[in-house]
$ cat protein-v7.tsv   # TSV, C-alpha atoms
chain	number	residue	atom	x	y	z
G	792	ASP	CA	0.00	0.00	0.00
G	793	LEU	CA	3.04	2.28	0.02
G	794	LYS	CA	3.19	5.11	-2.47
G	795	LEU	CA	6.34	4.68	-4.53
G	796	GLY	CA	8.38	7.60	-5.78
G	797	LYS	CA	11.03	7.59	-8.46
G	798	LYS	CA	13.42	4.70	-8.89
G	799	VAL	CA	16.66	5.65	-7.14
G	800	ASN	CA	18.75	2.73	-8.33
G	801	GLU	CA	18.51	-0.67	-9.95
G	802	GLY	CA	21.01	-3.47	-9.50
G	803	LYS	CA	21.26	-7.00	-10.75
G	804	THR	CA	19.02	-8.42	-8.02
G	805	LYS	CA	17.06	-5.45	-6.59
G	806	GLU	CA	15.41	-2.10	-7.24
G	807	VAL	CA	15.38	0.92	-4.93
G	808	TYR	CA	12.46	3.37	-4.81
G	809	GLU	CA	11.90	6.64	-2.97
G	810	LEU	CA	9.01	6.73	-0.47
G	811	PRO	CA	7.38	10.19	-0.59
G	812	ASP	CA	5.26	9.45	2.51
G	813	ILE	CA	8.26	8.35	4.59
G	814	PRO	CA	10.95	11.03	4.28
G	815	GLY	CA	14.48	9.74	4.46
G	816	CYS	CA	13.48	6.16	3.59
G	817	VAL	CA	13.48	3.96	0.50
G	818	LEU	CA	11.92	0.66	-0.52
G	819	MET	CA	14.35	-2.16	-1.35
G	820	GLN	CA	12.55	-4.45	-3.79
G	821	SER	CA	14.19	-7.82	-4.55
G	822	LYS	CA	14.03	-9.53	-7.94
G	823	ASP	CA	13.62	-13.19	-8.94
G	824	GLN	CA	17.06	-13.11	-10.50
G	825	ILE	CA	20.33	-14.84	-9.72
G	826	THR	CA	23.65	-13.82	-11.23
G	827	ALA	CA	27.33	-14.74	-11.10
G	828	GLY	CA	30.53	-13.25	-12.46
G	829	ASN	CA	29.16	-9.70	-12.59
G	830	ALA	CA	26.09	-10.96	-14.47
G	831	ALA	CA	28.13	-12.95	-17.00
G	832	ARG	CA	25.77	-15.71	-15.93
G	833	LYS	CA	22.19	-14.60	-15.24
G	834	ASP	CA	18.99	-16.59	-14.73
G	835	ARG	CA	15.49	-16.13	-13.42
G	836	MET	CA	14.81	-18.18	-10.29
G	837	GLU	CA	11.16	-18.15	-9.30
G	838	GLY	CA	10.73	-17.24	-5.63
G	839	LYS	CA	14.26	-15.92	-5.12
G	840	ALA	CA	13.00	-12.40	-4.27
G	841	ALA	CA	11.02	-13.68	-1.29
G	842	ILE	CA	13.87	-15.95	-0.17
G	843	SER	CA	16.40	-13.11	-0.34
G	844	ASN	CA	14.10	-10.69	1.43
G	845	THR	CA	13.46	-13.13	4.28
G	846	THR	CA	17.18	-13.78	4.68
G	847	THR	CA	18.14	-10.09	4.64
G	848	SER	CA	15.36	-9.08	7.02
G	849	CYS	CA	16.33	-11.71	9.61
G	850	VAL	CA	20.03	-10.93	9.41
G	851	PHE	CA	19.53	-7.18	9.71
G	852	GLN	CA	17.09	-7.65	12.59
G	853	LEU	CA	19.66	-9.78	14.41
G	854	LEU	CA	22.40	-7.20	13.91
G	855	GLN	CA	20.18	-4.26	14.76
G	856	GLU	CA	18.95	-5.84	17.99
G	857	ALA	CA	22.58	-6.56	18.89
G	858	GLY	CA	23.37	-2.85	18.54
G	859	ILE	CA	24.91	-2.60	15.06
G	860	LYS	CA	23.83	0.54	13.19
G	861	THR	CA	22.10	-0.48	9.98
G	862	ALA	CA	19.89	1.08	7.33
G	863	PHE	CA	17.19	-1.55	7.89
G	864	VAL	CA	13.83	-0.21	9.16
G	865	ARG	CA	11.32	-3.03	8.73
G	866	LYS	CA	10.17	-5.81	6.44
G	867	GLN	CA	7.38	-4.43	4.25
G	868	SER	CA	6.25	-7.41	2.18
G	869	ASP	CA	7.36	-10.86	1.10
G	870	THR	CA	9.77	-9.35	-1.41
G	871	ALA	CA	10.64	-5.87	-0.07
G	872	PHE	CA	11.82	-4.02	3.01
G	873	ILE	CA	12.04	-0.38	4.05
G	874	ALA	CA	15.47	1.10	4.70
G	875	ALA	CA	16.97	4.45	5.54
G	876	HIS	CA	17.98	6.32	2.41
G	877	CYS	CA	21.76	6.14	2.13
G	878	GLU	CA	24.33	7.33	-0.32
G	879	MET	CA	26.24	4.12	-0.93
G	880	ILE	CA	30.02	3.90	-0.60
G	881	PRO	CA	31.17	1.97	-3.70
G	882	ILE	CA	33.26	-0.56	-1.79
G	883	GLU	CA	32.54	-4.23	-1.11
G	884	TRP	CA	34.06	-5.23	2.22
G	885	VAL	CA	34.93	-8.91	2.48
G	886	CYS	CA	35.74	-10.73	5.71
G	887	ARG	CA	37.20	-14.25	5.51
G	888	ARG	CA	37.68	-16.95	8.12
G	889	ILE	CA	38.69	-19.66	5.63
G	890	ALA	CA	40.73	-19.25	2.45
G	891	THR	CA	38.73	-20.28	-0.61
G	892	GLY	CA	37.45	-18.92	-3.91
G	893	SER	CA	39.09	-15.83	-5.38
G	894	PHE	CA	41.52	-15.51	-2.48
G	895	LEU	CA	43.31	-18.67	-3.63
G	896	LYS	CA	43.63	-17.34	-7.18
G	897	ARG	CA	45.09	-14.05	-5.95
G	898	ASN	CA	47.40	-15.75	-3.45
G	899	PRO	CA	48.95	-18.81	-5.11
G	900	GLY	CA	50.56	-21.17	-2.64
G	901	VAL	CA	47.85	-20.75	0.00
G	902	LYS	CA	45.89	-23.98	0.35
G	903	GLU	CA	42.12	-24.05	0.57
G	904	GLY	CA	41.02	-24.31	4.16
G	905	TYR	CA	43.72	-22.04	5.60
G	906	ARG	CA	42.13	-20.28	8.60
G	907	PHE	CA	42.64	-16.62	9.38
G	908	TYR	CA	43.07	-15.47	13.00
G	909	PRO	CA	41.78	-12.77	13.24
G	910	PRO	CA	39.50	-12.84	10.19
G	911	LYS	CA	41.02	-11.46	6.99
G	912	ILE	CA	39.58	-8.12	5.79
G	913	GLU	CA	39.70	-7.15	2.11
G	914	MET	CA	38.02	-4.45	0.05
G	915	PHE	CA	37.00	-4.27	-3.60
G	916	TYR	CA	35.99	-1.22	-5.62
G	917	LYS	CA	32.58	-1.70	-7.28
G	918	ASP	CA	33.39	-1.47	-10.97
G	919	ASP	CA	31.76	-4.17	-13.10
G	920	ALA	CA	33.67	-3.13	-16.22
G	921	ASN	CA	36.98	-3.88	-14.48
G	922	ASN	CA	35.69	-6.89	-12.52
G	923	ASP	CA	35.62	-5.14	-9.11
G	924	PRO	CA	39.38	-4.62	-8.54
G	925	GLN	CA	40.86	-5.09	-5.08
G	926	TRP	CA	41.70	-1.81	-3.35
G	927	SER	CA	43.94	-0.84	-0.47
G	928	GLU	CA	43.03	1.50	2.38
G	929	GLU	CA	45.36	4.06	0.84
G	930	GLN	CA	43.47	4.00	-2.47
G	931	LEU	CA	40.16	4.49	-0.69
G	932	ILE	CA	41.48	7.42	1.34
G	933	GLU	CA	43.11	9.06	-1.68
G	934	ALA	CA	39.86	8.77	-3.66
G	935	LYS	CA	38.50	11.48	-1.33
G	936	PHE	CA	34.91	10.25	-1.70
G	937	CYS	CA	32.19	12.43	-0.18
G	938	PHE	CA	28.70	11.04	0.45
G	939	ALA	CA	25.81	12.92	2.08
G	940	GLY	CA	28.33	15.56	3.14
G	941	LEU	CA	30.69	13.08	4.84
G	942	THR	CA	34.21	12.84	3.46
G	943	ILE	CA	35.64	9.33	3.60
G	944	GLY	CA	38.99	9.62	5.36
G	945	GLN	CA	41.13	7.51	7.67
G	946	THR	CA	38.59	7.56	10.51
G	947	GLU	CA	35.74	6.41	8.29
G	948	VAL	CA	37.86	3.65	6.70
G	949	ASP	CA	38.90	2.41	10.14
G	950	ILE	CA	35.26	2.38	11.30
G	951	MET	CA	34.15	0.34	8.29
G	952	ALA	CA	37.03	-2.11	8.67
G	953	ARG	CA	36.41	-2.63	12.39
G	954	SER	CA	32.64	-2.91	11.81
G	955	THR	CA	33.15	-5.51	9.07
G	956	GLN	CA	35.05	-7.77	11.44
G	957	ALA	CA	32.49	-7.36	14.24
G	958	ILE	CA	29.55	-8.06	11.91
G	959	PHE	CA	31.25	-11.17	10.56
G	960	GLU	CA	32.03	-12.46	14.06
G	961	ILE	CA	28.45	-11.90	15.23
G	962	LEU	CA	27.03	-13.84	12.27
G	963	GLU	CA	29.71	-16.52	12.58
G	964	LYS	CA	28.78	-17.02	16.25
G	965	SER	CA	25.07	-17.03	15.39
G	966	TRP	CA	25.43	-19.86	12.85
G	967	GLN	CA	27.48	-22.08	15.16
G	968	PRO	CA	24.52	-23.49	17.17
G	969	GLN	CA	23.23	-24.92	13.88
G	970	ASN	CA	26.64	-26.48	13.16
G	971	CYS	CA	27.13	-24.20	10.16
G	972	THR	CA	30.46	-22.58	9.33
G	973	LEU	CA	30.37	-19.02	8.03
G	974	VAL	CA	33.34	-19.10	5.66
G	975	ASP	CA	33.30	-15.49	4.44
G	976	LEU	CA	31.00	-12.49	4.12
G	977	LYS	CA	30.55	-9.57	1.72
G	978	ILE	CA	28.89	-6.36	2.92
G	979	GLU	CA	28.47	-2.70	1.94
G	980	PHE	CA	28.14	0.53	3.87
G	981	GLY	CA	26.33	3.77	3.14
G	982	VAL	CA	25.99	7.22	4.65
G	983	ASN	CA	22.52	7.90	6.06
G	984	ILE	CA	21.38	11.12	4.34
G	985	LEU	CA	19.61	12.32	7.50
G	986	THR	CA	22.02	11.37	10.31
G	987	LYS	CA	25.22	11.58	8.20
G	988	GLU	CA	26.38	8.35	9.88
G	989	ILE	CA	28.07	5.38	8.26
G	990	VAL	CA	25.70	2.41	8.56
G	991	LEU	CA	25.56	-1.14	7.29
G	992	ALA	CA	23.38	-0.94	4.17
G	993	ASP	CA	22.34	-2.78	0.98
G	994	VAL	CA	21.45	-6.45	1.72
G	995	ILE	CA	22.90	-9.54	3.37
G	996	ASP	CA	21.36	-12.58	1.75
G	997	ASN	CA	22.53	-15.93	0.40
G	998	ASP	CA	24.52	-14.12	-2.31
G	999	SER	CA	26.59	-12.41	0.40
G	1000	TRP	CA	28.37	-15.30	2.09
G	1001	ARG	CA	29.68	-18.83	1.91
G	1002	LEU	CA	27.96	-21.17	4.35
G	1003	TRP	CA	29.16	-24.74	4.87
G	1004	PRO	CA	27.07	-27.08	7.10
G	1005	SER	CA	29.40	-29.08	9.37
G	1006	GLY	CA	32.29	-27.12	7.87
G	1007	ASP	CA	32.05	-29.32	4.74
G	1008	ARG	CA	32.37	-27.52	1.42
G	1009	SER	CA	30.61	-30.33	-0.42
G	1010	GLN	CA	27.44	-29.40	1.50
G	1011	GLN	CA	27.63	-25.68	0.58
G	1012	LYS	CA	24.25	-23.92	0.69
G	1013	ASP	CA	25.21	-20.50	-0.72
G	1014	LYS	CA	25.41	-19.01	-4.22
G	1015	GLN	CA	28.63	-20.88	-4.91
G	1016	SER	CA	26.47	-23.88	-5.81
G	1017	TYR	CA	25.15	-21.74	-8.70
G	1018	ARG	CA	28.62	-20.48	-9.70
G	1019	ASP	CA	29.92	-24.07	-9.83
G	1020	LEU	CA	27.28	-25.26	-12.34
G	1021	LYS	CA	28.81	-26.41	-15.59
G	1022	GLU	CA	25.44	-26.05	-17.26
G	1023	VAL	CA	22.34	-24.25	-16.01
G	1024	THR	CA	19.39	-26.58	-16.44
G	1025	PRO	CA	15.93	-26.42	-14.83
G	1026	GLU	CA	16.93	-29.31	-12.58
G	1027	ALA	CA	20.17	-27.56	-11.57
G	1028	LEU	CA	18.29	-24.34	-10.77
G	1029	GLN	CA	15.91	-26.30	-8.59
G	1030	MET	CA	18.87	-27.67	-6.64
G	1031	VAL	CA	20.20	-24.13	-6.15
G	1032	LYS	CA	16.77	-22.94	-5.08
G	1033	ARG	CA	16.51	-25.72	-2.48
G	1034	ASN	CA	19.83	-24.54	-1.05
G	1035	PHE	CA	18.53	-20.98	-0.81
G	1036	GLU	CA	15.31	-22.19	0.82
G	1037	TRP	CA	17.34	-24.22	3.32
G	1038	VAL	CA	19.16	-21.05	4.39
G	1039	ALA	CA	15.98	-18.93	4.51
G	1040	GLU	CA	14.32	-21.46	6.82
G	1041	ARG	CA	17.25	-21.63	9.21
G	1042	VAL	CA	18.16	-17.96	9.19
G	1043	GLU	CA	15.05	-17.28	11.27
G	1044	LEU	CA	16.59	-19.42	14.01
G	1045	LEU	CA	19.38	-16.86	14.30
G	1046	LEU	CA	16.88	-14.68	16.17
G	1047	LYS	CA	16.33	-17.38	18.82
G	1048	THR	CA	18.38	-19.26	21.36
G	1049	LYS	CA	17.77	-22.44	23.31
G	1050	SER	CA	20.07	-21.28	26.08
G	1051	GLN	CA	18.40	-19.80	29.16
G	1052	GLY	CA	19.99	-17.77	31.91
G	1053	ARG	CA	19.25	-15.27	34.65
G	1054	VAL	CA	20.91	-13.05	37.19
G	1055	VAL	CA	19.77	-13.14	40.82
G	1056	VAL	CA	20.85	-10.14	42.85
G	1057	LEU	CA	20.96	-10.77	46.59
G	1058	MET	CA	21.06	-7.62	48.70
G	1059	GLY	CA	21.88	-7.61	52.38
G	1060	SER	CA	19.47	-4.76	53.07
G	1061	PRO	CA	16.63	-2.96	51.24
G	1062	SER	CA	18.72	0.21	51.60
G	1063	ASP	CA	20.85	-1.21	48.77
G	1064	LEU	CA	17.91	-1.26	46.34
G	1065	SER	CA	19.02	1.65	44.15
G	1066	HIS	CA	22.42	0.00	43.64
G	1067	CYS	CA	20.71	-3.30	42.71
G	1068	GLU	CA	18.31	-1.65	40.28
G	1069	LYS	CA	21.31	-0.40	38.31
G	1070	ILE	CA	22.44	-4.01	37.93
G	1071	LYS	CA	18.97	-5.05	36.78
G	1072	LYS	CA	18.82	-2.21	34.25
G	1073	ALA	CA	22.23	-3.15	32.84
G	1074	CYS	CA	21.19	-6.81	32.58
G	1075	ALA	CA	18.19	-5.75	30.50
G	1076	THR	CA	20.49	-4.21	27.87
G	1077	PHE	CA	21.90	-7.70	27.30
G	1078	GLY	CA	18.47	-9.33	27.30
G	1079	ILE	CA	19.16	-11.16	30.56
G	1080	PRO	CA	16.31	-11.60	33.10
G	1081	CYS	CA	17.21	-10.32	36.55
G	1082	GLU	CA	15.54	-10.90	39.93
G	1083	LEU	CA	16.14	-8.95	43.14
G	1084	ARG	CA	16.02	-10.59	46.60
G	1085	VAL	CA	16.75	-9.44	50.14
G	1086	THR	CA	18.69	-11.72	52.49
G	1087	SER	CA	21.47	-11.41	55.06
G	1088	ALA	CA	24.16	-14.06	55.43
G	1089	HIS	CA	24.89	-12.74	58.92
G	1090	LYS	CA	21.36	-12.38	60.29
G	1091	GLY	CA	19.66	-15.20	58.41
G	1092	PRO	CA	22.14	-17.69	56.94
G	1093	ASP	CA	19.52	-20.43	56.77
G	1094	GLU	CA	17.24	-18.21	54.65
G	1095	THR	CA	20.15	-17.23	52.40
G	1096	LEU	CA	20.92	-20.88	51.71
G	1097	ARG	CA	17.22	-21.66	51.20
G	1098	ILE	CA	17.01	-18.94	48.54
G	1099	LYS	CA	20.14	-20.33	46.92
G	1100	ALA	CA	18.60	-23.82	46.80
G	1101	GLU	CA	15.43	-22.40	45.26
G	1102	TYR	CA	17.34	-21.14	42.23
G	1103	GLU	CA	19.54	-24.20	41.99
G	1104	GLY	CA	16.53	-26.48	41.93
G	1105	ASP	CA	14.81	-25.37	38.71
G	1106	GLY	CA	17.79	-26.03	36.42
G	1107	ILE	CA	18.03	-22.53	34.92
G	1108	PRO	CA	21.68	-21.36	34.66
G	1109	THR	CA	22.11	-18.58	37.22
G	1110	VAL	CA	24.71	-16.00	38.15
G	1111	PHE	CA	24.38	-14.66	41.69
G	1112	VAL	CA	25.39	-11.07	42.44
G	1113	ALA	CA	25.99	-10.34	46.13
G	1114	VAL	CA	25.33	-6.76	47.19
G	1115	ALA	CA	26.34	-6.20	50.79
G	1116	GLY	CA	28.09	-3.28	52.42
G	1117	ARG	CA	30.22	-3.09	55.57
G	1118	SER	CA	31.33	-6.65	56.32
G	1119	ASN	CA	30.38	-8.64	53.22
G	1120	GLY	CA	29.61	-12.19	54.26
G	1121	LEU	CA	26.93	-12.62	51.59
G	1122	GLY	CA	29.19	-13.23	48.58
G	1123	PRO	CA	31.68	-15.55	50.33
G	1124	VAL	CA	28.92	-17.62	51.99
G	1125	MET	CA	27.15	-18.03	48.64
G	1126	SER	CA	30.39	-18.88	46.85
G	1127	GLY	CA	31.28	-21.52	49.43
G	1128	ASN	CA	27.90	-23.23	49.10
G	1129	THR	CA	27.06	-23.23	45.38
G	1130	ALA	CA	28.72	-24.33	42.17
G	1131	TYR	CA	27.03	-21.45	40.34
G	1132	PRO	CA	29.06	-18.28	39.64
G	1133	VAL	CA	28.94	-15.57	42.33
G	1134	VAL	CA	30.24	-12.02	41.94
G	1135	ASN	CA	30.50	-9.39	44.66
G	1136	CYS	CA	29.27	-5.89	43.90
G	1137	PRO	CA	29.44	-4.06	47.25
G	1138	PRO	CA	27.88	-0.58	47.60
G	1139	LEU	CA	30.81	1.15	49.28
G	1140	SER	CA	30.31	4.23	51.45
G	1141	ALA	CA	32.54	7.28	51.34
G	1142	ASP	CA	33.40	6.93	55.05
G	1143	TRP	CA	34.43	3.29	55.34
G	1144	GLY	CA	34.61	2.06	51.74
G	1145	THR	CA	38.38	1.57	51.67
G	1146	GLN	CA	38.16	-0.67	54.76
G	1147	ASP	CA	34.91	-2.46	53.88
G	1148	VAL	CA	36.05	-3.55	50.43
G	1149	TRP	CA	38.57	-5.97	51.94
G	1150	SER	CA	35.76	-8.22	53.15
G	1151	SER	CA	34.91	-8.75	49.45
G	1152	LEU	CA	38.49	-9.06	48.25
G	1153	ARG	CA	40.24	-11.05	50.99
G	1154	LEU	CA	38.43	-14.41	50.96
G	1155	PRO	CA	39.09	-17.81	52.55
G	1156	SER	CA	40.80	-20.39	50.36
G	1157	GLY	CA	38.61	-22.46	48.07
G	1158	LEU	CA	36.29	-19.60	47.11
G	1159	GLY	CA	36.08	-18.21	43.58
G	1160	CYS	CA	34.14	-15.00	44.07
G	1161	PRO	CA	35.37	-12.00	42.04
G	1162	THR	CA	34.53	-8.42	42.99
G	1163	THR	CA	33.49	-5.52	40.80
G	1164	LEU	CA	32.47	-2.15	42.22
G	1165	SER	CA	30.43	-1.11	39.19
G	1166	PRO	CA	26.81	-2.31	38.92
G	1167	GLU	CA	27.15	-2.23	35.12
G	1168	GLY	CA	30.36	-4.25	35.44
G	1169	ALA	CA	28.58	-6.94	37.44
G	1170	ALA	CA	25.93	-7.22	34.71
G	1171	GLN	CA	28.61	-7.42	32.03
G	1172	PHE	CA	30.42	-10.16	33.97
G	1173	ALA	CA	27.21	-12.20	33.96
G	1174	ALA	CA	26.64	-11.49	30.26
G	1175	GLN	CA	30.12	-12.74	29.39
G	1176	ILE	CA	29.36	-16.02	31.16
G	1177	PHE	CA	26.01	-16.50	29.42
G	1178	GLY	CA	27.50	-15.35	26.10
G	1179	LEU	CA	29.60	-18.52	25.98
G	1180	ASN	CA	26.44	-20.49	25.09
G	1181	ASN	CA	24.01	-17.76	24.01
G	1182	HIS	CA	24.85	-16.11	20.69
G	1183	LEU	CA	22.29	-13.32	21.21
G	1184	VAL	CA	23.96	-12.18	24.43
G	1185	TRP	CA	27.40	-12.57	22.83
G	1186	ALA	CA	26.28	-10.43	19.90
G	1187	LYS	CA	25.27	-7.60	22.23
G	1188	LEU	CA	28.64	-7.78	23.98
G	1189	ARG	CA	30.52	-7.74	20.69
G	1190	SER	CA	28.45	-4.85	19.37
G	1191	SER	CA	28.97	-2.89	22.59
G	1192	MET	CA	32.74	-3.27	22.18
G	1193	LEU	CA	32.50	-2.00	18.60
G	1194	ASN	CA	30.32	1.00	19.47
G	1195	THR	CA	32.64	2.01	22.31
G	1196	TRP	CA	35.60	1.87	19.93
G	1197	ILE	CA	33.72	3.92	17.29
G	1198	SER	CA	32.70	6.61	19.80
G	1199	LEU	CA	36.34	7.03	20.86
G	1200	LYS	CA	37.48	7.17	17.24
G	1201	GLN	CA	34.90	9.84	16.40
G	1202	ALA	CA	35.71	11.84	19.53
G	1203	ASP	CA	39.38	11.85	18.56
G	1204	LYS	CA	38.51	13.06	15.04
G	1205	LYS	CA	36.30	15.83	16.40
G	1206	LEU	CA	38.99	16.97	18.83
G	1207	ARG	CA	41.62	17.10	16.08
G	1208	GLU	CA	39.27	19.08	13.84
G	1209	CYS	CA	38.63	21.60	16.62
G	1210	THR	CA	42.36	21.92	17.26
G	1211	LEU	CA	43.09	22.51	13.57

$ encode --input "protein-v7.tsv" --output "structure tokens"
Amino acid sequence: DLKLGKKVNEGKTKEVYELPDIPGCVLMQSKDQITAGNAARKDRMEGKAAISNTTTSCVFQLLQEAGIKTAFVRKQSDTAFIAAHCEMIPIEWVCRRIATGSFLKRNPGVKEGYRFYPPKIEMFYKDDANNDPQWSEEQLIEAKFCFAGLTIGQTEVDIMARSTQAIFEILEKSWQPQNCTLVDLKIEFGVNILTKEIVLADVIDNDSWRLWPSGDRSQQKDKQSYRDLKEVTPEALQMVKRNFEWVAERVELLLKTKSQGRVVVLMGSPSDLSHCEKIKKACATFGIPCELRVTSAHKGPDETLRIKAEYEGDGIPTVFVAVAGRSNGLGPVMSGNTAYPVVNCPPLSADWGTQDVWSSLRLPSGLGCPTTLSPEGAAQFAAQIFGLNNHLVWAKLRSSMLNTWISLKQADKKLRECTL
């Protein structure tokens, strides 16, 4: 029912339209077309538009909920989604975990299967006539591109490179619970015409990556199965389509996790409530449920251990946070009586804080009970534990690291500009 404006752009597999009723947004309309070798091979594949749109929408939703800045707004129909209007930066960023494909041709002597630690970042200038040549950072900086008023310099290149690695690692981690190896990934960035920010744009669908179930190339489910065809027949296209459908069905599982977890904050006194609420608020940013309880290990040790047993008994993985001032017996008592993780987060007073903190730091032998003074730090500690088995929590942690790095990079650029 959207009113479409003029066509902004048309690529091999999609069309982009202005939306007069939604300023600053465009409609990304997918096509039932599959191509390879810069459209040297091109075929119509019935249903591909819907498959690609489902894949892109799920991937962008995952990344956006993790905290990655993207152009994605919402899925509009089976074959289209709404995105922020961006001026696209004509660079394809590629992140590789495993050497395969064109990398082997450009780097003779490297065997297929070589693993990159950290992932390998490459960039290619979008130029079909010259077969998308590989570029260096120096070439990109010297091009002095300007999009939506933003000049692409060293800071912007660094942000895109760092973002490419983080996005790859989030998707790599998200595919692991399904025993699928994300081999490599191709993405593009644009400059949002309203916010003037660099954001992940274009699409991420089954044309954008190599995906090997069980790490086995012979089971590949991506567009490489189309590239490898010696002859394109109706039967061969059906095989390729089944691969694309396989990915579209499973990509929706990226938005879910079977792993449960919670944080239980035990406070020695209701006077510590404001400190505990900060922990609960920080847990919510990672999508972790958090419960607050009041109990004193000094005045009611039996009740403290009863509460502990209550949370041990239902089988939900739990991290306990002990919030107790003055003489902190709560954290050590919990740590000595449960196999679940316990972290101290004492609310220290200005008068006696330097003395009180030793009751959280100096523990009897046999206790593994770390101490953090920051409520947000206690929540992050719990998130890092749950992130080992929960890709959604891990994605939020990884995105938070990226966004902190970007904010520092931008602050440094702004300061240098003011100085100059």

$ closest_atom_pairs --input "protein-v7.tsv" --of "stretch 840-914 of chain G" --to "stretch 1185-1201 of chain G" --cutoff "10 Å" --atoms "all atoms listed in the file" --output "CSV"
residue,atom,partner,partner_atom,distance
G:Leu853,CA,G:Ala1186,CA,8.6
G:Leu854,CA,G:Ala1186,CA,7.8
G:Gln855,CA,G:Ser1190,CA,9.5
G:Glu856,CA,G:Lys1187,CA,7.8
G:Ala857,CA,G:Lys1187,CA,4.4
G:Gly858,CA,G:Ser1190,CA,5.5
G:Ile859,CA,G:Ser1190,CA,6.0
G:Lys860,CA,G:Asn1194,CA,9.0

$ closest_residue --input "protein-v7.tsv" --among "G:Thr1129, G:Gln969, G:Ser1165, G:Gln930" --to "G:Thr1048" --atoms "only C-alpha atoms"
G:Gln969

$ closest_residue --input "protein-v7.tsv" --among "G:Leu1211, G:Ala840, G:Leu1154, G:Ile825" --to "G:Gln1015" --atoms "all atoms listed in the file"
G:Ile825

$ residues_near_point --input "protein-v7.tsv" --point "(23.9, -19.5, 15.5)" --cutoff "9 Å" --atoms "all atoms listed in the file" --output "list in words"
Ile961, Leu962, Glu963, Lys964, Ser965, Trp966, Gln967, Pro968, Gln969, Asn970, Cys971, Val1042, Leu1044, Leu1045, Leu1046, Lys1047, Thr1048, Asn1181, His1182 and Leu1183 of chain G

$ residues_near_point --input "protein-v7.tsv" --point "(11.1, -12.9, -2.5)" --cutoff "9 Å" --atoms "all atoms listed in the file" --output "PDB file with C-alpha atoms, in the frame of the given file"
ATOM      1  CA  GLN G 820      12.550  -4.450  -3.790  1.00  0.00           C
ATOM      2  CA  SER G 821      14.190  -7.820  -4.550  1.00  0.00           C
ATOM      3  CA  LYS G 822      14.030  -9.530  -7.940  1.00  0.00           C
ATOM      4  CA  ASP G 823      13.620 -13.190  -8.940  1.00  0.00           C
ATOM      5  CA  GLU G 837      11.160 -18.150  -9.300  1.00  0.00           C
ATOM      6  CA  GLY G 838      10.730 -17.240  -5.630  1.00  0.00           C
ATOM      7  CA  LYS G 839      14.260 -15.920  -5.120  1.00  0.00           C
ATOM      8  CA  ALA G 840      13.000 -12.400  -4.270  1.00  0.00           C
ATOM      9  CA  ALA G 841      11.020 -13.680  -1.290  1.00  0.00           C
ATOM     10  CA  ILE G 842      13.870 -15.950  -0.170  1.00  0.00           C
ATOM     11  CA  SER G 843      16.400 -13.110  -0.340  1.00  0.00           C
ATOM     12  CA  ASN G 844      14.100 -10.690   1.430  1.00  0.00           C
ATOM     13  CA  THR G 845      13.460 -13.130   4.280  1.00  0.00           C
ATOM     14  CA  SER G 868       6.250  -7.410   2.180  1.00  0.00           C
ATOM     15  CA  ASP G 869       7.360 -10.860   1.100  1.00  0.00           C
ATOM     16  CA  THR G 870       9.770  -9.350  -1.410  1.00  0.00           C
ATOM     17  CA  ALA G 871      10.640  -5.870  -0.070  1.00  0.00           C
TER      18      ALA G 871
END

$ closest_residue --input "protein-v7.tsv" --among "G:Leu991, G:Val817, G:Val885, G:Leu985" --to "G:Gln925" --atoms "all atoms listed in the file"
G:Val885

$ closest_residue --input "protein-v7.tsv" --among "G:Met914, G:Cys1081, G:Ile1070, G:Met1125" --to "G:Asp1093" --atoms "all atoms listed in the file"
G:Met1125

$ closest_residue --input "protein-v7.tsv" --among "G:Ile950, G:Ile880, G:Val1133, G:Met836" --to "G:Lys935" --atoms "all atoms listed in the file"
G:Ile880

$ atom_distance --input "protein-v7.tsv" --atom1 "atom CA of G:Gln1029" --atom2 "atom CA of G:Val850"
24.0 Å

$ atom_distance --input "protein-v7.tsv" --atom1 "atom CA of G:Val1054" --atom2 "atom CA of G:Val1110"
4.9 Å

$ closest_residue --input "protein-v7.tsv" --among "G:Leu1206, G:Leu1064, G:Leu818, G:Asp998" --to "G:Thr804" --atoms "all atoms listed in the file"
G:Asp998

$ residues_around --input "protein-v7.tsv" --residues "G:Cys1160" --least-positions-apart "4" --cutoff "8 Å" --atoms "only C-alpha atoms" --output "number ranges by chain"
G: 1122-1123, 1126, 1132-1135

$ atom_distance --input "protein-v7.tsv" --atom1 "atom CA of G:Ser848" --atom2 "atom CA of G:Ile995"
8.4 Å

$ residues_around --input "protein-v7.tsv" --residues "G:Glu947" --least-positions-apart "6" --cutoff "12 Å" --atoms "only C-alpha atoms" --output "JSON, numbers by chain"
{"G": [880, 928, 931, 932, 935, 936, 937, 938, 941, 953, 954, 980, 981, 982, 987, 988, 989, 990, 1197, 1198, 1200, 1201, 1204]}

$ residues_around --input "protein-v7.tsv" --residues "G:Glu903" --least-positions-apart "3" --cutoff "9 Å" --atoms "all atoms listed in the file" --output "list of chain:residue names"
G:Ile889, G:Ala890, G:Thr891, G:Gly892, G:Leu895, G:Arg906

$ axis_aligned_box --input "protein-v7.tsv" --around "stretch 1032-1049 of chain G" --padding-each-side "4 Å" --output "JSON"
{"center_x": 17.1, "center_y": -20.2, "center_z": 9.1, "size_x": 13.5, "size_y": 19.0, "size_z": 36.4}

$ residues_around --input "protein-v7.tsv" --residues "G:Lys977" --least-positions-apart "3" --cutoff "7 Å" --atoms "all atoms listed in the file" --output "list in words"
Glu883, Trp884, Val885, Cys886, Ser999 and Trp1000 of chain G
